[in-house]
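Down below is the structure, laid out as structure tokens.
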Amino acid sequence: MRKSDLPTPALLLDFDRFEANLQRMAAHAAGHNKKLRPHAKAHKCVEISRRQLELGAVGVCVATVNELEWMAHAGFPGILLTSPIASGTKAARIARHAASASALAVVVDHPRQIGIYESVLSSPVGVLVDLDVGDHRTGIPCDERALELAIAADRSTRLRLCGVQAYSVSGSHTGGYQARRDHSLERLAPAVDVFQEMRRRGLPVEIFSGGSTGTWDIDTSIPELTELQAGSYVGMDIAYRNIGVDFAPAMSVLATVISASHPGRVTVDAGFKAFSTDRPFPPSPRALPGAQYQWAGDEFGFLLFESEASVSLGDQVEFDPPHCDPTANLYDRIHVCRGERVEAVWPLKGGATINA
């Protein structure tokens, strides 16, 4: 099968760029004596996570219970749910995998969450204390409250305290390398202090998990950090490219020119339902210098040219997505390509195997 055979819009993965990204991150982590537990929320693809494990990753991070279930059903070890939960129903779903999923772990940022897990678990599960390092999204403040939560987790008969998690959302996306470095190291410093204090008090904390694609070459300089959670480096997007993160753009969206009735503009079959819309910039067309994408509705987008359009009715155009995570979430499969050839089709979101 060739790209030209695909119904569009279609999500693509350039296999050569993808492999290079995986190998680069794996080598960087190993070279800094850090473990890699990459985040699957960026791609939601079991096959991608499998290849990361083959290159030495110790497990995978997931953001939702659904993602945890997909990875558990695939038999992956070292699954870490990086989001706190406040639902007995969700905790029960996690508990069903406690005995079969090797080294399954969750995070907590409130004492009540320990009780929620204790009420449903029959097999012990690892737990990390989720630390707030300034974004106030999730996490307990890096003070005595975090230490008290760690002590409570350590006393649990159903949870096994094993470390802390600290992720700076703002640090990951700060523009400019030096500014990003300064911001991330400053934000993570209180988490380092709390982690060290937990150790001084004899708590069994061995894992300091955090970091991101944006700080992949920054946070690994922190001695206390033991593992990196980067995820978006697999496919990349405009958001990371704009702040200078230079992994290869492996993920793209393929669209077709479906209307060319006006000079200087054409319409493609990829709109709000084909790309993430959470960034202040649109998708970027590849190999079309000077062309600009403009949103045109649920199913449509405009390509605007300075003079005459350089594409015609029926032509295909590849776009870099603004944000890879929510773009991947819009699709049920990703087409793995070498050049123009589609070599495989990998299911997303726990779907069944798809033949190319």
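We label chains A, B, ... in the order they appear in the structure tokens, count residues from 1 in each chain, and number ligands from 1 in the order shown.
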Just list as a PyMOL selection string whatever in region 218-342 of chain A DSSP marks as strand (DSSP E or B). chain A and resi 227-228+251-262+265-268+284-285+292-295+301-304+316-320+333-338+341-342
Run DSSP on the backbone and grab whatever in region 43-235 of chain A lands in alpha helix (DSSP H); send it over as an NGL selection string. :A and (46-54 or 65-73 or 88-95 or 111-118 or 144-155 or 169-172 or 177-200)
Pro223 (chain A): which residues within 10 Å, counting only C-alpha atoms, same-chain residues fewer than 6 positions away excluded, as a PyMOL selection string? chain A and resi 32-34+192+208
Write out the residues from the selection above, keeping N, CA and C atoms, as a PDB file, in the first residue's frame.
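result.pdb was written with the following content:
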ATOM      1  N   HIS A  32      23.242   8.959  30.879  1.00  0.00           N
ATOM      2  CA  HIS A  32      23.173   9.735  32.117  1.00  0.00           C
ATOM      3  C   HIS A  32      22.747   8.873  33.307  1.00  0.00           C
ATOM      4  N   ASN A  33      22.812   7.556  33.132  1.00  0.00           N
ATOM      5  CA  ASN A  33      22.464   6.606  34.191  1.00  0.00           C
ATOM      6  C   ASN A  33      21.048   6.820  34.731  1.00  0.00           C
ATOM      7  N   LYS A  34      20.136   7.177  33.823  1.00  0.00           N
ATOM      8  CA  LYS A  34      18.741   7.326  34.187  1.00  0.00           C
ATOM      9  C   LYS A  34      17.925   6.234  33.486  1.00  0.00           C
ATOM     10  N   VAL A 192      13.249  17.867  45.003  1.00  0.00           N
ATOM     11  CA  VAL A 192      14.502  17.216  45.383  1.00  0.00           C
ATOM     12  C   VAL A 192      14.687  17.281  46.892  1.00  0.00           C
ATOM     13  N   PHE A 208      12.511   8.627  41.741  1.00  0.00           N
ATOM     14  CA  PHE A 208      12.168  10.040  41.527  1.00  0.00           C
ATOM     15  C   PHE A 208      11.860  10.137  40.040  1.00  0.00           C
TER      16      PHE A 208
END
Compile the contact shell of region 18-27 of chain A as a ChimeraX atom specification: residues with an atom at most 9 Å away, counting only C-alpha atoms, same-chain residues fewer than 5 positions apart removed. /A:13,32,35-36,51-52,55-57,216,230,233-235,247-251
Written selection (N, CA and C atoms) as a short mmCIF file (atom, residue, chain, number, x, y, z; two decimals), in the first residue's frame:
data_model
loop_
_atom_site.label_atom_id
_atom_site.label_comp_id
_atom_site.auth_asym_id
_atom_site.auth_seq_id
_atom_site.Cartn_x
_atom_site.Cartn_y
_atom_site.Cartn_z
N LEU A 13 3.14 7.90 10.55
CA LEU A 13 4.37 7.86 11.34
C LEU A 13 5.51 7.49 10.42
N HIS A 32 23.24 8.96 30.88
CA HIS A 32 23.17 9.74 32.12
C HIS A 32 22.75 8.87 33.31
N LYS A 35 16.84 5.85 34.14
CA LYS A 35 15.92 4.92 33.51
C LYS A 35 14.91 5.72 32.69
N LEU A 36 14.33 5.05 31.72
CA LEU A 36 13.34 5.69 30.86
C LEU A 36 12.00 4.97 31.04
N ARG A 51 8.18 -1.07 21.31
CA ARG A 51 9.51 -0.78 20.76
C ARG A 51 10.36 0.03 21.73
N GLN A 52 9.74 0.86 22.53
CA GLN A 52 10.49 1.57 23.57
C GLN A 52 11.03 0.60 24.61
N LEU A 55 14.08 -1.22 23.53
CA LEU A 55 15.30 -0.41 23.59
C LEU A 55 15.71 -0.08 25.02
N GLY A 56 15.09 -0.74 26.01
CA GLY A 56 15.57 -0.62 27.37
C GLY A 56 14.69 0.13 28.35
N ALA A 57 13.55 0.65 27.91
CA ALA A 57 12.66 1.33 28.85
C ALA A 57 12.23 0.37 29.95
N TRP A 216 14.15 17.06 28.39
CA TRP A 216 14.83 15.75 28.31
C TRP A 216 16.34 15.87 28.53
N ALA A 230 9.49 11.33 29.53
CA ALA A 230 9.25 11.96 28.23
C ALA A 230 8.39 11.07 27.32
N TYR A 233 8.50 13.02 22.29
CA TYR A 233 9.65 12.89 21.41
C TYR A 233 9.45 11.83 20.34
N VAL A 234 8.58 10.89 20.58
CA VAL A 234 8.31 9.82 19.63
C VAL A 234 7.86 10.38 18.28
N GLY A 235 6.86 11.28 18.31
CA GLY A 235 6.29 11.79 17.07
C GLY A 235 6.57 13.25 16.82
N PHE A 247 13.94 16.90 18.21
CA PHE A 247 13.68 15.54 17.73
C PHE A 247 13.01 15.62 16.36
N ALA A 248 13.16 14.56 15.59
CA ALA A 248 12.67 14.57 14.20
C ALA A 248 11.15 14.54 14.17
N PRO A 249 10.54 15.32 13.27
CA PRO A 249 9.07 15.30 13.14
C PRO A 249 8.61 14.02 12.46
N ALA A 250 8.25 13.04 13.27
CA ALA A 250 7.89 11.72 12.74
C ALA A 250 6.39 11.56 12.53
N MET A 251 5.57 12.28 13.29
CA MET A 251 4.12 12.16 13.16
C MET A 251 3.59 13.26 12.24
#
Neighbouring residues of Gly175 (chain A) were defined as those with any atom within 10 Å, considering only C-alpha atoms; residues of the same chain fewer than 5 positions away were excluded. Please report them as a PyMOL selection string. chain A and resi 170+180-181+214+239-240+242-245
Write out the residues from the selection above, keeping N, CA and C atoms, as a compact mmCIF listing (two decimals), in the first residue's frame.
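Once everything was written out, this is result_22.txt:
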# COMPACT_ATOMS: atom_id res chain seq x y z
N SER A 170 4.88 23.93 33.13
CA SER A 170 5.42 25.18 32.60
C SER A 170 6.89 25.04 32.22
N ARG A 180 14.34 27.72 29.78
CA ARG A 180 13.66 26.47 30.13
C ARG A 180 14.48 25.70 31.18
N ARG A 181 15.78 25.69 31.00
CA ARG A 181 16.65 25.01 31.98
C ARG A 181 16.52 25.65 33.36
N GLY A 214 10.30 18.30 26.67
CA GLY A 214 10.84 19.65 26.69
C GLY A 214 12.07 19.80 27.55
N ALA A 239 4.49 22.56 18.67
CA ALA A 239 4.68 23.20 19.97
C ALA A 239 6.10 23.00 20.48
N TYR A 240 6.60 21.79 20.42
CA TYR A 240 7.97 21.54 20.87
C TYR A 240 8.99 22.10 19.89
N ASN A 242 8.71 24.76 18.18
CA ASN A 242 8.76 26.21 18.34
C ASN A 242 9.64 26.66 19.50
N ILE A 243 9.85 25.79 20.49
CA ILE A 243 10.71 26.19 21.62
C ILE A 243 12.12 25.59 21.48
N GLY A 244 12.39 24.97 20.33
CA GLY A 244 13.75 24.53 20.05
C GLY A 244 14.08 23.09 20.36
N VAL A 245 13.08 22.26 20.66
CA VAL A 245 13.34 20.84 20.88
C VAL A 245 13.47 20.18 19.51
May I have the residues within 7 Å of His39 (chain A) as a list in words, using only C-alpha atoms and disregarding those fewer than 5 positions away in the same chain? Val60, Cys61, Val62, Gln229, Ala230 and Gly231 of chain A
Considering only C-alpha atoms, return as a list of chain:residue names whatever protein or nucleic-acid residues lie within 10 Å of Leu53 (chain A), sequence-local ones (same chain, fewer than 5 positions apart) excluded. A:Ala26, A:Leu36, A:Arg37, A:Pro38, A:Glu47, A:Ile48, A:Val58, A:Gly59, A:Val60, A:Phe76, A:Pro77
Output the selection as a short mmCIF file (atom, residue, chain, number, x, y, z; two decimals), in the first residue's frame - N, CA and C atoms for each residue.
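Written output follows (part_14.cif):
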data_model
loop_
_atom_site.label_atom_id
_atom_site.label_comp_id
_atom_site.auth_asym_id
_atom_site.auth_seq_id
_atom_site.Cartn_x
_atom_site.Cartn_y
_atom_site.Cartn_z
N ALA A 26 16.78 6.81 24.15
CA ALA A 26 17.27 5.67 24.93
C ALA A 26 18.76 5.83 25.23
N LEU A 36 14.33 5.05 31.72
CA LEU A 36 13.34 5.69 30.86
C LEU A 36 12.00 4.97 31.04
N ARG A 37 11.00 5.75 31.47
CA ARG A 37 9.63 5.23 31.56
C ARG A 37 8.76 6.18 30.72
N PRO A 38 8.78 6.02 29.40
CA PRO A 38 8.14 7.01 28.52
C PRO A 38 6.63 7.04 28.65
N GLU A 47 2.04 -0.70 20.17
CA GLU A 47 3.20 -1.07 19.36
C GLU A 47 4.36 -0.10 19.56
N ILE A 48 4.06 1.18 19.71
CA ILE A 48 5.12 2.15 19.97
C ILE A 48 5.76 1.87 21.33
N VAL A 58 12.08 0.89 31.17
CA VAL A 58 11.74 0.03 32.31
C VAL A 58 10.23 -0.16 32.45
N GLY A 59 9.47 0.56 31.66
CA GLY A 59 8.01 0.46 31.72
C GLY A 59 7.40 1.59 30.93
N VAL A 60 6.14 1.88 31.21
CA VAL A 60 5.45 2.96 30.52
C VAL A 60 4.66 3.78 31.53
N PHE A 76 2.63 -5.48 29.56
CA PHE A 76 3.79 -4.65 29.83
C PHE A 76 4.09 -4.59 31.32
N PRO A 77 5.37 -4.62 31.69
CA PRO A 77 5.76 -4.40 33.09
C PRO A 77 5.91 -2.92 33.37
#
Closest atom pairs, region 130-164 of chain A residues within 10 Å of region 116-119 of chain A, only C-alpha atoms, as a tab-separated table:
residue	atom	partner	partner_atom	distance
A:Ser156	CA	A:Glu118	CA	7.6
A:Thr157	CA	A:Glu118	CA	7.6
A:Arg158	CA	A:Glu118	CA	5.6
A:Leu159	CA	A:Glu118	CA	7.3
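Nearest to Ser259 (chain A) of all the residues A:Gly314, A:Gly31, A:Gly75, A:Pro289 is A:Gly314, counting only C-alpha atoms.
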Considering only C-alpha atoms, can you say which of A:Ala287, A:Val253, A:Ala189, A:Ala309 comes closest to Lys273 (chain A)?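 Of A:Ala287, A:Val253, A:Ala189, A:Ala309, the one nearest Lys273 (chain A), counting only C-alpha atoms, is A:Val253.
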Given only C-alpha atoms as the basis, pick out the residue of A:His173, A:Arg2, A:Lys349, A:Lys90 nearest to Thr213 (chain A). A:His173
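The space between CA of Arg137 (chain A) and CA of Ser49 (chain A) spans 25.9 Å.
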